[in-house]
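J.: Pasting a structure below so you can have a look.
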Amino acid sequence: MLDNWGNGGANFTRTVPFTDLKGVMTKAAVDAARAEGRLIESASKQGFSLLDSTPATSPVPAPKPEPEAADSEENSAKNDTVCPDGPDCEDSECRAERIRQGIRPTNTRDKIEQMQNALKAGVQVIAAPQLFPTPPALAERMVEEADILPGHCVLEPSAGTGVILAALPNVRPFGSVTAVEINATLAASLEQIADETICGDFLEQDGNLGQFDRILMNPPFENGVDIKHIQHAMKMLKPGGRLVAICANGPRQKSTLKPLAENSGGWYEDLPAGTFASQGTNVNTALLVIEN
């Protein structure tokens, strides 16, 4: 069958066991489903979704005419009861109260201040201990070293902002992606990327996650906890599975993780100094591969 990972690459062919097929459609059945509106093609024209029934349609209401700007501002001025001097009052307390009530600004100074307040409200900063997102170029290399194939089950144990998840190829429909993240806000944002997201401490996950073909991870480094995370993740590898991880490149990691990787048939590589400088830390790091 013709397949595509959905990551911008070329199509490729692969053999699928007949028992794995969910159904077979003739060309005539495909044409009929398309005519009925039940066959929805992907944007790339390389696949489609099949609906059980024709999607219902509802009449679209006619758009309401927008009020003239002059009328709108005039009404806003009439409704402005913040100050007896009217909407053009320059008193700072009056302007602040007018903006707080959502009254349309009628002068340039108020309009600028309202825009600044809107911009401030739209910026959200998430602070999480030991959060150093994987640089995108390194995430892409990790995915390349993992050699992920369609149908693989993939785990990222400390998914953070989802940089590694975003670099993954498409493993669906027969594979899946699972993410674990301890920060609730970050975990909620990962639900749009992963098939399953668990909000919790990865070290407390014990048998509930299942087994995986590939594990890619950038664990926290503090106090050598990256060693514990990687050793814990190894228990979740399927036979023939592969783990690709970043770790701190210190004496404990070199004495514990380096032989662990090399004895498994994998490898341990010192990453260049400053690899994570753009992420706010100059800690020395290494990349390793563990085979199962």
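Chain labels A, B, ... are given in the sequence in which chains occur in the structure tokens; within each chain residues are numbered consecutively from 1, and ligands are likewise numbered from 1 in the order shown.
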Assign secondary structure with DSSP using the backbone only, and return the residues of range 208-274 of chain A in alpha helix (DSSP H) as a short mmCIF file (atom, residue, chain, number, x, y, z; two decimals) with C-alpha atoms, in the first residue's frame.

T.:
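Printed below is out-v5.cif as written:
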```cif
data_model
loop_
_atom_site.label_atom_id
_atom_site.label_comp_id
_atom_site.auth_asym_id
_atom_site.auth_seq_id
_atom_site.Cartn_x
_atom_site.Cartn_y
_atom_site.Cartn_z
CA VAL A 225 17.97 12.37 38.57
CA ASP A 226 18.46 11.91 34.82
CA ILE A 227 20.12 8.58 35.62
CA LYS A 228 17.02 7.41 37.50
CA HIS A 229 14.71 8.56 34.69
CA ILE A 230 16.68 6.73 32.01
CA GLN A 231 16.98 3.53 34.05
CA HIS A 232 13.24 3.66 34.78
CA ALA A 233 12.44 4.17 31.09
CA MET A 234 14.50 1.12 30.11
CA PRO A 251 31.13 11.80 36.24
CA ARG A 252 28.06 9.92 37.52
CA GLN A 253 26.50 9.76 34.06
CA LYS A 254 29.76 8.64 32.45
CA SER A 255 30.30 5.90 35.04
CA THR A 256 26.69 4.63 34.96
CA LEU A 257 24.98 5.47 31.67
CA LYS A 258 27.92 5.27 29.28
CA PRO A 259 28.68 1.57 29.94
CA LEU A 260 24.96 0.86 30.05
CA ALA A 261 24.56 2.26 26.52
CA GLU A 262 27.71 0.72 25.06
CA ASN A 263 27.10 -2.73 26.56
#
```

J.: What's the 12 Å shell around Val180 in chain A, counting only C-alpha atoms, without same-chain residues fewer than 3 positions away, as a ChimeraX atom specification?

T.: /A:154-162,165,177,183-184,186-191,194-205,208-209,215-219,229,233

J.: For the selection just defined, write its residues with C-alpha atoms to a file, as a tab-separated table (two decimals), in the first residue's frame.

T.:
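Listing of result.tsv after writing:
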```
chain	number	residue	atom	x	y	z
A	154	VAL	CA	6.52	5.96	21.08
A	155	LEU	CA	6.97	7.41	24.58
A	156	GLU	CA	8.36	10.75	25.73
A	157	PRO	CA	8.63	10.57	29.54
A	158	SER	CA	9.29	14.27	30.35
A	159	ALA	CA	7.66	15.98	27.41
A	160	GLY	CA	7.93	19.60	28.58
A	161	THR	CA	6.93	22.00	25.82
A	162	GLY	CA	6.64	19.23	23.22
A	165	LEU	CA	6.95	15.36	20.07
A	177	VAL	CA	2.46	8.53	20.89
A	183	ASN	CA	3.50	20.32	34.94
A	184	ALA	CA	-0.28	20.50	34.53
A	186	LEU	CA	2.33	21.97	29.91
A	187	ALA	CA	0.56	18.59	30.01
A	188	ALA	CA	-2.69	20.19	28.87
A	189	SER	CA	-0.93	21.76	25.88
A	190	LEU	CA	0.48	18.36	24.84
A	191	GLU	CA	-2.97	16.79	24.45
A	194	ALA	CA	0.10	13.09	21.75
A	195	ASP	CA	-2.49	10.31	21.56
A	196	GLU	CA	-2.31	9.94	25.35
A	197	THR	CA	-1.01	12.48	27.87
A	198	ILE	CA	-0.38	11.61	31.52
A	199	CYS	CA	0.10	14.48	33.98
A	200	GLY	CA	2.38	13.17	36.71
A	201	ASP	CA	5.89	12.31	37.86
A	202	PHE	CA	7.43	9.84	35.40
A	203	LEU	CA	9.26	8.02	38.20
A	204	GLU	CA	5.86	7.22	39.75
A	205	GLN	CA	4.57	5.55	36.57
A	208	ASN	CA	0.48	1.65	33.76
A	209	LEU	CA	2.08	3.04	30.61
A	215	ILE	CA	11.50	6.10	23.86
A	216	LEU	CA	12.91	9.60	23.34
A	217	MET	CA	13.67	11.70	26.40
A	218	ASN	CA	15.27	14.85	27.77
A	219	PRO	CA	14.92	14.24	31.53
A	229	HIS	CA	14.71	8.56	34.69
A	233	ALA	CA	12.44	4.17	31.09
```

J.: Between CA of Thr275 in chain A and CA of Ile193 in chain A, what distance in Å does the model show, to one decimal?

T.: 25.3 Å

J.: Figure out the distance between CA of Glu269 in chain A and CA of His152 in chain A, please, to one decimal in Å.

T.: 25.1 Å

J.: What is the CA of Lys238 in chain A-CA of Phe212 in chain A distance in Å, reported with one decimal?

T.: 5.4 Å

J.: Quick one: residues within 8 Å of Thr134 in chain A, only C-alpha atoms counted, chain neighbours fewer than 4 positions away excluded, as JSON, numbers by chain?

T.: {"A": [138, 139, 163, 164, 218, 276, 279]}
